[in-house]
file data.txt (compact mmCIF, N, CA and C atoms and all ligand atoms)
# COMPACT_ATOMS: atom_id res chain seq x y z
N MET A 1 23.62 26.76 -102.47
CA MET A 1 24.54 26.94 -101.35
C MET A 1 24.15 28.19 -100.55
N SER A 2 24.20 28.06 -99.26
CA SER A 2 23.75 29.17 -98.42
C SER A 2 24.91 30.01 -97.90
N ASN A 3 24.79 31.30 -98.01
CA ASN A 3 25.84 32.20 -97.56
C ASN A 3 25.92 32.31 -96.05
N ASP A 4 24.86 31.89 -95.34
CA ASP A 4 24.88 32.07 -93.90
C ASP A 4 25.22 30.77 -93.17
N SER A 5 25.70 29.76 -93.89
CA SER A 5 26.10 28.52 -93.24
C SER A 5 27.22 28.80 -92.25
N LYS A 6 27.15 28.18 -91.09
CA LYS A 6 28.20 28.36 -90.09
C LYS A 6 29.51 27.76 -90.57
N LYS A 7 29.42 26.83 -91.47
CA LYS A 7 30.61 26.13 -91.95
C LYS A 7 31.13 26.75 -93.24
N PHE A 8 30.70 27.92 -93.57
CA PHE A 8 31.04 28.55 -94.84
C PHE A 8 32.38 29.26 -94.77
N ILE A 9 33.32 28.85 -95.63
CA ILE A 9 34.62 29.49 -95.68
C ILE A 9 34.64 30.40 -96.90
N LYS A 10 35.20 31.56 -96.76
CA LYS A 10 35.12 32.53 -97.83
C LYS A 10 36.46 33.23 -98.03
N GLY A 11 36.81 33.48 -99.26
CA GLY A 11 37.98 34.29 -99.55
C GLY A 11 37.61 35.29 -100.61
N THR A 12 37.94 36.55 -100.44
CA THR A 12 37.56 37.58 -101.40
C THR A 12 38.77 38.40 -101.82
N SER A 13 38.92 38.57 -103.11
CA SER A 13 39.98 39.45 -103.62
C SER A 13 39.31 40.62 -104.32
N HIS A 14 40.08 41.40 -105.02
CA HIS A 14 39.53 42.53 -105.77
C HIS A 14 38.51 42.05 -106.80
N ASN A 15 38.80 40.90 -107.40
CA ASN A 15 37.95 40.42 -108.49
C ASN A 15 37.04 39.26 -108.15
N PHE A 16 37.47 38.36 -107.30
CA PHE A 16 36.73 37.11 -107.12
C PHE A 16 36.45 36.80 -105.66
N THR A 17 35.36 36.08 -105.47
CA THR A 17 35.07 35.52 -104.15
C THR A 17 34.97 34.01 -104.28
N ILE A 18 35.69 33.31 -103.43
CA ILE A 18 35.63 31.85 -103.40
C ILE A 18 34.83 31.45 -102.18
N MET A 19 33.78 30.68 -102.39
CA MET A 19 32.93 30.24 -101.29
C MET A 19 32.99 28.72 -101.20
N ILE A 20 33.31 28.24 -100.03
CA ILE A 20 33.42 26.78 -99.82
C ILE A 20 32.48 26.38 -98.70
N ASP A 21 31.61 25.43 -98.98
CA ASP A 21 30.74 24.91 -97.94
C ASP A 21 31.43 23.71 -97.29
N GLU A 22 31.95 23.95 -96.13
CA GLU A 22 32.73 22.93 -95.43
C GLU A 22 31.90 21.69 -95.12
N GLU A 23 30.61 21.86 -94.98
CA GLU A 23 29.76 20.71 -94.68
C GLU A 23 29.60 19.80 -95.89
N TYR A 24 29.67 20.37 -97.08
CA TYR A 24 29.53 19.58 -98.30
C TYR A 24 30.86 18.99 -98.75
N CYS A 25 31.96 19.67 -98.41
CA CYS A 25 33.27 19.23 -98.89
C CYS A 25 33.67 17.91 -98.23
N LYS A 26 33.96 16.90 -99.09
CA LYS A 26 34.35 15.60 -98.55
C LYS A 26 35.85 15.40 -98.56
N GLY A 27 36.59 16.40 -99.04
CA GLY A 27 38.05 16.34 -99.00
C GLY A 27 38.68 15.51 -100.09
N CYS A 28 38.05 15.46 -101.27
CA CYS A 28 38.57 14.62 -102.35
C CYS A 28 39.79 15.22 -103.03
N LYS A 29 40.02 16.52 -102.87
CA LYS A 29 41.21 17.23 -103.40
C LYS A 29 41.15 17.50 -104.91
N ILE A 30 40.04 17.19 -105.55
CA ILE A 30 39.94 17.42 -106.99
C ILE A 30 40.15 18.90 -107.32
N CYS A 31 39.52 19.77 -106.54
CA CYS A 31 39.62 21.20 -106.83
C CYS A 31 41.07 21.70 -106.71
N VAL A 32 41.78 21.18 -105.72
CA VAL A 32 43.19 21.57 -105.53
C VAL A 32 44.01 21.11 -106.74
N ASP A 33 43.73 19.91 -107.21
CA ASP A 33 44.51 19.35 -108.32
C ASP A 33 44.22 20.06 -109.65
N VAL A 34 43.00 20.55 -109.84
CA VAL A 34 42.69 21.19 -111.13
C VAL A 34 43.02 22.68 -111.14
N CYS A 35 43.21 23.27 -109.98
CA CYS A 35 43.49 24.71 -109.93
C CYS A 35 44.86 25.01 -110.55
N PRO A 36 44.89 25.87 -111.57
CA PRO A 36 46.16 26.16 -112.24
C PRO A 36 47.03 27.16 -111.47
N LYS A 37 46.51 27.74 -110.41
CA LYS A 37 47.23 28.80 -109.72
C LYS A 37 47.57 28.47 -108.27
N ASP A 38 47.30 27.25 -107.85
CA ASP A 38 47.66 26.85 -106.49
C ASP A 38 46.97 27.73 -105.45
N THR A 39 45.74 28.09 -105.75
CA THR A 39 44.98 28.99 -104.89
C THR A 39 44.41 28.29 -103.65
N LEU A 40 44.17 26.98 -103.81
CA LEU A 40 43.49 26.22 -102.76
C LEU A 40 44.45 25.24 -102.11
N GLU A 41 44.13 24.83 -100.89
CA GLU A 41 44.92 23.78 -100.26
C GLU A 41 44.04 22.98 -99.31
N MET A 42 44.51 21.78 -98.97
CA MET A 42 43.78 20.93 -98.05
C MET A 42 44.33 21.11 -96.63
N VAL A 43 43.44 21.06 -95.67
CA VAL A 43 43.87 21.08 -94.27
C VAL A 43 43.20 19.89 -93.56
N PRO A 44 43.86 19.33 -92.55
CA PRO A 44 43.31 18.17 -91.86
C PRO A 44 41.95 18.45 -91.23
N MET A 45 41.04 17.51 -91.39
CA MET A 45 39.71 17.60 -90.78
C MET A 45 39.28 16.16 -90.52
N GLY A 46 39.41 15.74 -89.29
CA GLY A 46 39.31 14.33 -88.92
C GLY A 46 38.05 13.62 -89.33
N ASP A 47 36.91 14.32 -89.38
CA ASP A 47 35.65 13.61 -89.64
C ASP A 47 35.32 13.48 -91.12
N ARG A 48 36.25 13.88 -91.99
CA ARG A 48 35.99 13.82 -93.43
C ARG A 48 36.35 12.48 -94.02
N TRP A 49 35.72 12.16 -95.13
CA TRP A 49 35.96 10.92 -95.86
C TRP A 49 37.45 10.73 -96.11
N GLN A 50 38.13 11.79 -96.56
CA GLN A 50 39.56 11.71 -96.85
C GLN A 50 40.40 12.35 -95.75
N GLY A 51 39.79 12.74 -94.64
CA GLY A 51 40.53 13.29 -93.52
C GLY A 51 40.98 14.73 -93.68
N SER A 52 40.42 15.44 -94.67
CA SER A 52 40.81 16.84 -94.87
C SER A 52 39.67 17.61 -95.53
N VAL A 53 39.83 18.92 -95.54
CA VAL A 53 38.85 19.80 -96.17
C VAL A 53 39.63 20.91 -96.88
N VAL A 54 39.03 21.46 -97.93
CA VAL A 54 39.75 22.48 -98.69
C VAL A 54 39.56 23.87 -98.08
N ILE A 55 40.61 24.68 -98.16
CA ILE A 55 40.53 26.09 -97.77
C ILE A 55 41.19 26.95 -98.86
N VAL A 56 40.98 28.24 -98.78
CA VAL A 56 41.62 29.17 -99.71
C VAL A 56 43.01 29.48 -99.18
N ARG A 57 44.04 29.13 -99.95
CA ARG A 57 45.42 29.38 -99.53
C ARG A 57 45.81 30.84 -99.80
N ASP A 58 45.52 31.31 -101.02
CA ASP A 58 45.87 32.68 -101.39
C ASP A 58 44.88 33.19 -102.43
N ILE A 59 43.88 33.92 -101.97
CA ILE A 59 42.81 34.39 -102.86
C ILE A 59 43.34 35.29 -103.97
N GLU A 60 44.43 35.99 -103.73
CA GLU A 60 44.95 36.91 -104.74
C GLU A 60 45.45 36.19 -105.99
N THR A 61 45.70 34.90 -105.89
CA THR A 61 46.19 34.17 -107.06
C THR A 61 45.06 33.66 -107.96
N CYS A 62 43.84 33.71 -107.48
CA CYS A 62 42.70 33.18 -108.25
C CYS A 62 42.46 33.99 -109.52
N VAL A 63 42.31 33.28 -110.64
CA VAL A 63 42.04 33.94 -111.91
C VAL A 63 40.60 33.74 -112.38
N GLY A 64 39.79 33.13 -111.54
CA GLY A 64 38.36 32.99 -111.86
C GLY A 64 38.06 32.04 -113.00
N CYS A 65 38.90 31.02 -113.19
CA CYS A 65 38.71 30.10 -114.32
C CYS A 65 37.52 29.16 -114.11
N LEU A 66 37.07 29.02 -112.89
CA LEU A 66 35.91 28.19 -112.51
C LEU A 66 36.16 26.68 -112.57
N LEU A 67 37.39 26.27 -112.85
CA LEU A 67 37.66 24.83 -112.94
C LEU A 67 37.31 24.10 -111.65
N CYS A 68 37.63 24.71 -110.52
CA CYS A 68 37.35 24.06 -109.23
C CYS A 68 35.85 23.87 -109.06
N GLU A 69 35.09 24.89 -109.37
CA GLU A 69 33.63 24.82 -109.21
C GLU A 69 33.04 23.76 -110.16
N LEU A 70 33.52 23.73 -111.38
CA LEU A 70 32.98 22.80 -112.37
C LEU A 70 33.34 21.35 -112.08
N GLN A 71 34.49 21.13 -111.46
CA GLN A 71 34.97 19.76 -111.22
C GLN A 71 34.54 19.19 -109.87
N CYS A 72 34.14 20.02 -108.94
CA CYS A 72 33.76 19.52 -107.62
C CYS A 72 32.54 18.61 -107.74
N PRO A 73 32.64 17.37 -107.30
CA PRO A 73 31.53 16.44 -107.43
C PRO A 73 30.40 16.70 -106.43
N ASP A 74 30.65 17.55 -105.46
CA ASP A 74 29.65 17.77 -104.39
C ASP A 74 29.12 19.20 -104.34
N PHE A 75 29.41 19.99 -105.36
CA PHE A 75 28.92 21.37 -105.41
C PHE A 75 29.29 22.14 -104.14
N ALA A 76 30.48 21.88 -103.64
CA ALA A 76 30.90 22.48 -102.36
C ALA A 76 31.67 23.77 -102.54
N ILE A 77 32.07 24.08 -103.76
CA ILE A 77 32.87 25.29 -103.98
C ILE A 77 32.26 26.12 -105.09
N GLU A 78 32.24 27.41 -104.87
CA GLU A 78 31.58 28.31 -105.82
C GLU A 78 32.42 29.57 -105.97
N ILE A 79 32.56 30.01 -107.20
CA ILE A 79 33.34 31.22 -107.47
C ILE A 79 32.38 32.31 -107.91
N ASP A 80 32.46 33.45 -107.26
CA ASP A 80 31.65 34.58 -107.67
C ASP A 80 32.53 35.52 -108.49
N VAL A 81 32.15 35.68 -109.75
CA VAL A 81 32.86 36.59 -110.65
C VAL A 81 31.98 37.82 -110.84
N PRO A 82 32.43 38.99 -110.40
CA PRO A 82 31.59 40.19 -110.50
C PRO A 82 31.22 40.50 -111.96
N LYS A 83 30.08 41.12 -112.14
CA LYS A 83 29.59 41.44 -113.49
C LYS A 83 30.60 42.26 -114.28
N LYS A 84 31.32 43.14 -113.61
CA LYS A 84 32.25 44.01 -114.34
C LYS A 84 33.39 43.19 -114.94
N VAL A 85 33.79 42.11 -114.25
CA VAL A 85 34.86 41.25 -114.77
C VAL A 85 34.34 40.44 -115.95
N LYS A 86 33.10 39.92 -115.82
CA LYS A 86 32.50 39.16 -116.93
C LYS A 86 32.38 40.04 -118.17
N LYS A 87 31.97 41.28 -117.96
CA LYS A 87 31.77 42.20 -119.08
C LYS A 87 33.11 42.49 -119.76
N ALA A 88 34.14 42.71 -118.97
CA ALA A 88 35.46 43.01 -119.51
C ALA A 88 35.99 41.82 -120.32
N ALA A 89 35.74 40.61 -119.81
CA ALA A 89 36.21 39.41 -120.50
C ALA A 89 35.47 39.22 -121.83
N ALA A 90 34.18 39.57 -121.83
CA ALA A 90 33.38 39.39 -123.04
C ALA A 90 33.75 40.39 -124.12
N THR A 91 34.27 41.53 -123.74
CA THR A 91 34.58 42.56 -124.72
C THR A 91 36.06 42.58 -125.12
N SER A 92 36.87 41.74 -124.45
CA SER A 92 38.30 41.76 -124.76
C SER A 92 38.63 40.78 -125.87
S1 LIG B 101 36.42 19.12 -105.16
FE1 LIG B 101 34.72 19.70 -103.78
S2 LIG B 101 34.50 18.01 -102.33
FE2 LIG B 101 36.51 17.79 -103.34
S3 LIG B 101 37.94 18.85 -101.94
FE3 LIG B 101 37.27 20.35 -103.47
S4 LIG B 101 35.50 21.42 -102.55
FE4 LIG B 101 35.87 19.52 -101.38
S1 LIG B 102 38.56 29.67 -110.08
FE1 LIG B 102 40.38 28.72 -111.06
S2 LIG B 102 42.13 29.85 -110.20
FE2 LIG B 102 40.37 30.29 -108.86
S3 LIG B 102 40.51 28.75 -107.21
FE3 LIG B 102 39.17 27.90 -108.81
S4 LIG B 102 40.51 26.67 -110.15
FE4 LIG B 102 41.82 28.03 -108.91
call {"tool": "encode", "arguments": {"input": "data.txt", "output": "structure tokens", "more": "lines below"}}
Ligand code: SF4
Ligand code: SF4
result
Amino acid sequence: MSNDSKKFIKGTSHNFTIMIDEEYCKGCKICVDVCPKDTLEMVPMGDRWQGSVVIVRDIETCVGCLLCELQCPDFAIEIDVPKKVKKAAATS
């Protein structure tokens, strides 16, 4: 996934960055349904297979579980977890 895509939607909190490639997202809503924190939401996008595309509703609610990234069938969403957070999780 390219960070310089014109269609790239991004949300960043203290801990996590959510990157969504709008060109890859087909609007299937799987990521919204698997997210345990209601971080993501769908917005209308007429040219999509399902007529919508995902956006970040509230980045501060993201807990970095990666479920959305793992379940997306089109590799359209990616979560960046900083090394310091990974290290803290590994030692806790
Ligand atoms: S799971 Fe992937 S393709 Fe489906 S709505 Fe989410 S980001 Fe888009
Ligand atoms: S990483 Fe987890 S909490 Fe964050 S948006 Fe994805 S599914 Fe939701």
call {"tool": "residues_near_ligand", "arguments": {"input": "data.txt", "ligand": "ligand LIG 101 (chain B)", "cutoff": "6 Å", "atoms": "all atoms listed in the file", "output": "ChimeraX atom specification"}}
result
/A:24-32,53-54,71-77
call {"tool": "atom_distance", "arguments": {"input": "data.txt", "atom1": "atom N of Asp38 in chain A", "atom2": "atom N of Lys87 in chain A"}}
result
23.1 Å
call {"tool": "residues_around", "arguments": {"input": "data.txt", "residues": "Thr61 in chain A", "least_positions_apart": "4", "cutoff": "8 Å", "atoms": "all atoms listed in the file", "output": "count of residues only"}}
result
7
call {"tool": "closest_atom_pairs", "arguments": {"input": "data.txt", "of": "chain A", "to": "ligand LIG 102 (chain B)", "cutoff": "5 Å", "atoms": "all atoms listed in the file", "output": "Markdown table"}}
result
| residue | atom | partner | partner_atom | distance |
| --- | --- | --- | --- | --- |
| A:Val34 | C | B:LIG102 | S4 | 4.8 |
| A:Cys35 | CA | B:LIG102 | S4 | 3.6 |
| A:Pro36 | N | B:LIG102 | FE4 | 4.6 |
| A:Lys37 | N | B:LIG102 | S2 | 4.9 |
| A:Cys62 | CA | B:LIG102 | FE2 | 3.8 |
| A:Val63 | N | B:LIG102 | S2 | 3.5 |
| A:Gly64 | CA | B:LIG102 | S1 | 3.8 |
| A:Cys65 | N | B:LIG102 | S1 | 3.4 |
| A:Leu66 | N | B:LIG102 | S1 | 3.2 |
| A:Leu67 | N | B:LIG102 | S4 | 4.1 |
| A:Cys68 | N | B:LIG102 | S4 | 3.5 |
call {"tool": "atom_distance", "arguments": {"input": "data.txt", "atom1": "CA of Gln50 in chain A", "atom2": "CA of Lys10 in chain A"}}
result
21.3 Å
call {"tool": "atom_distance", "arguments": {"input": "data.txt", "atom1": "CA of Gly11 in chain A", "atom2": "CA of Ile79 in chain A"}}
result
9.7 Å
call {"tool": "select_by_dssp", "arguments": {"input": "data.txt", "residues": "chain A", "states": "strand (DSSP E or B)", "output": "PyMOL selection string"}}
result
chain A and resi 8-12+17-21+40-44+52-56+77-80
call {"tool": "closest_residue", "arguments": {"input": "data.txt", "among": "A:Ser52, A:Leu70, A:Thr17, A:Asp33", "to": "Pro82 in chain A", "atoms": "all atoms listed in the file"}}
result
A:Thr17
call {"tool": "closest_residue", "arguments": {"input": "data.txt", "among": "A:Glu78, A:Glu41, A:Glu60, A:Glu69", "to": "Thr12 in chain A", "atoms": "only N, CA and C atoms"}}
result
A:Glu60
